[in-house]
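A.B. asks: Have a look at the structure that comes next, please.
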Amino acid sequence: MRRIPKFVAALVAVLAVAGCGQRADTGSQQLTVLAAASLTESFEEVAARFEQQHPGVSVRFDFQGSSTLAEQVVQGRQADVLASADPATMAEVVRTGATAGQPSTFATNRLAIAVPPGNPAGIRSLADLGDPGAVVVVCAPQVPCGAATEEVERAAGVRIQPASEENDVKSVLHKVVAGEADAGLVYRTDVRAAAGSVEGIEFPESARAVNDYPIAALADAPNPELAGRFVDFVRGPAGREVLAAHGFGTP
């Protein structure tokens with residue numbers, strides 16, 4: 001058998017190791033998206049479609065209240081994309097120069113009343129939430145769903161005395177699902193996402209507080225090109241299709 005010179009064998013081994021390392025690193029990218037809690041289910045589906053079209057890309061989310069996420073970005077938190085549940089929250093981020101260009105509205109939403117299955121407290125309207133005996137949970141005023149709650153209260157002439165004020169809409173929903181409240185003011189999309197665990201009650205005053213959802217790539221995005229692609233994807237046909245299926249309106 002013919003022997004392979006030692007230096008040739010060593011060179012082949014080095015090249016093989018180098019080649020393996022190169023293949024392991026190719027196409028591996030992570031995109032960090034900060035998004036309003038009410039976008040949880042819809043954005044997870046959007047991300048799945050985006051990843052299918054961008055092999056090697058992994059979308060990582062942080063879903064919280066819009067005001068909390070905006071404050072984190074203003075204070076220097078690094079991420080690629082921010083999607084908020086109202087323009088006022090996003091405006092503060094823009095004011096500090098933390099966005100890459102101007103945000104664009106990609107969806108709309110409005111409030112609905114969530115009650116436990118069977119509606120044991122007999123809630124029928126927004127006015128019923130003003131009953132002193134009703135245990136009602138709402139969002140804190142500084143977050144978009146809380147600001148919308150105050151607006152519909154003014155429109156209806158109703159004053160709610162909440163049992164608690166939560167930092168995001170999913171926390172309100174969870175208290176209703178857990179039976180800790182007779183009702184909660186959440187978004188229509190949240191009622192749909194929790195179908196079977198809650199029932200939804202529409203009320204006309206919700207039309208007075210329609211939330212616009214803006215999205216923007218961030219100025220210090222680790223993956224600026226990919227961030228722009230994700231924003232375009234959300235605003236494009238595939239993103240609109242998913243958002244509509246989850247109950248969001250179009251801008």
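FYI, nothing fancy with the structure tokens labels: chains A, B, ... in order, residues from 1 per chain, ligands from 1 as they appear.
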Set out as CSV a contact list for range 130-182 of chain A and range 189-212 of chain A with a cut-off of 12 Å, giving each residue of range 130-182 of chain A that qualifies its closest atom pair and distance in Å to one decimal, counting only C-alpha atoms, ordered by chain and rising residue number.

C.D. replies:
```
residue,atom,partner,partner_atom,distance
A:Val143,CA,A:Asn211,CA,11.5
A:Pro144,CA,A:Asn211,CA,7.7
A:Cys145,CA,A:Asn211,CA,8.3
A:Gly146,CA,A:Ala209,CA,10.7
A:Ala147,CA,A:Ala209,CA,8.7
A:Ala148,CA,A:Ala209,CA,5.4
A:Thr149,CA,A:Ala209,CA,8.0
A:Glu150,CA,A:Ala209,CA,9.1
A:Glu151,CA,A:Ala209,CA,6.2
A:Val152,CA,A:Glu205,CA,5.6
A:Glu153,CA,A:Glu205,CA,8.3
A:Arg154,CA,A:Glu205,CA,9.3
A:Ala155,CA,A:Glu205,CA,6.3
A:Ala156,CA,A:Glu205,CA,6.4
A:Gly157,CA,A:Glu205,CA,10.1
A:Val158,CA,A:Glu205,CA,10.6
A:Asp168,CA,A:Asp190,CA,11.5
A:Val169,CA,A:Asp190,CA,8.1
A:Lys170,CA,A:Asp190,CA,7.5
A:Ser171,CA,A:Asp190,CA,10.8
A:Val172,CA,A:Asp190,CA,9.9
A:Leu173,CA,A:Asp190,CA,7.4
A:His174,CA,A:Ala194,CA,9.4
A:Lys175,CA,A:Val198,CA,10.6
A:Val176,CA,A:Val198,CA,7.3
A:Val177,CA,A:Ser197,CA,5.9
A:Ala178,CA,A:Ser197,CA,9.0
A:Gly179,CA,A:Val198,CA,9.8
A:Ala181,CA,A:Val198,CA,11.4
A:Asp182,CA,A:Val198,CA,10.7
```

A.B. asks: The selected residues should be written to file as a short mmCIF file (atom, residue, chain, number, x, y, z; two decimals), in the first residue's frame (atoms: C-alpha atoms).

C.D. replies:
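result-v4.cif written:
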```
data_model
loop_
_atom_site.label_atom_id
_atom_site.label_comp_id
_atom_site.auth_asym_id
_atom_site.auth_seq_id
_atom_site.Cartn_x
_atom_site.Cartn_y
_atom_site.Cartn_z
CA VAL A 143 -49.43 51.31 28.61
CA PRO A 144 -51.46 51.54 25.37
CA CYS A 145 -54.34 49.30 26.48
CA GLY A 146 -54.61 51.37 29.66
CA ALA A 147 -54.69 54.64 27.73
CA ALA A 148 -57.40 53.15 25.48
CA THR A 149 -59.36 52.08 28.58
CA GLU A 150 -59.39 55.65 29.91
CA GLU A 151 -60.53 56.90 26.50
CA VAL A 152 -63.50 54.54 26.28
CA GLU A 153 -64.45 55.36 29.86
CA ARG A 154 -64.65 59.03 28.92
CA ALA A 155 -66.62 58.22 25.76
CA ALA A 156 -69.17 56.17 27.71
CA GLY A 157 -69.29 58.33 30.82
CA VAL A 158 -68.30 55.28 32.90
CA ASP A 168 -49.51 44.52 29.84
CA VAL A 169 -52.69 43.20 28.28
CA LYS A 170 -51.76 39.52 28.62
CA SER A 171 -51.56 39.93 32.40
CA VAL A 172 -55.14 41.26 32.37
CA LEU A 173 -56.24 38.31 30.27
CA HIS A 174 -54.50 35.80 32.53
CA LYS A 175 -56.37 37.09 35.58
CA VAL A 176 -59.70 36.60 33.82
CA VAL A 177 -58.69 33.12 32.64
CA ALA A 178 -57.65 32.23 36.20
CA GLY A 179 -61.04 33.31 37.55
CA ALA A 181 -61.79 38.78 37.91
CA ASP A 182 -65.36 39.09 36.65
#
```

A.B. asks: I'd like the contact shell of Ser84 in chain A - 8 Å cut-off, only C-alpha atoms, skipping same-chain residues fewer than 3 positions apart - returned as a list in words.

C.D. replies: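 The residues that qualify are Ala35, Ala36, Ser66, Pro87, Thr89, Met90, Tyr213, Pro214 and Ile215 of chain A.
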
A.B. asks: Give me the residues near Ser104 in chain A as a PyMOL selection string, where near means some atom within 12 Å (using only C-alpha atoms) and where sequence neighbours in that chain fewer than 4 positions away do not count.

C.D. replies: chain A and resi 82-87+90-91+94+99-100+108+212-217+228+231-232+234-236+251

A.B. asks: In Å to one decimal, how far is CA of Pro103 in chain A from CA of Val74 in chain A?

C.D. replies: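 A separation of 15.3 Å between them.
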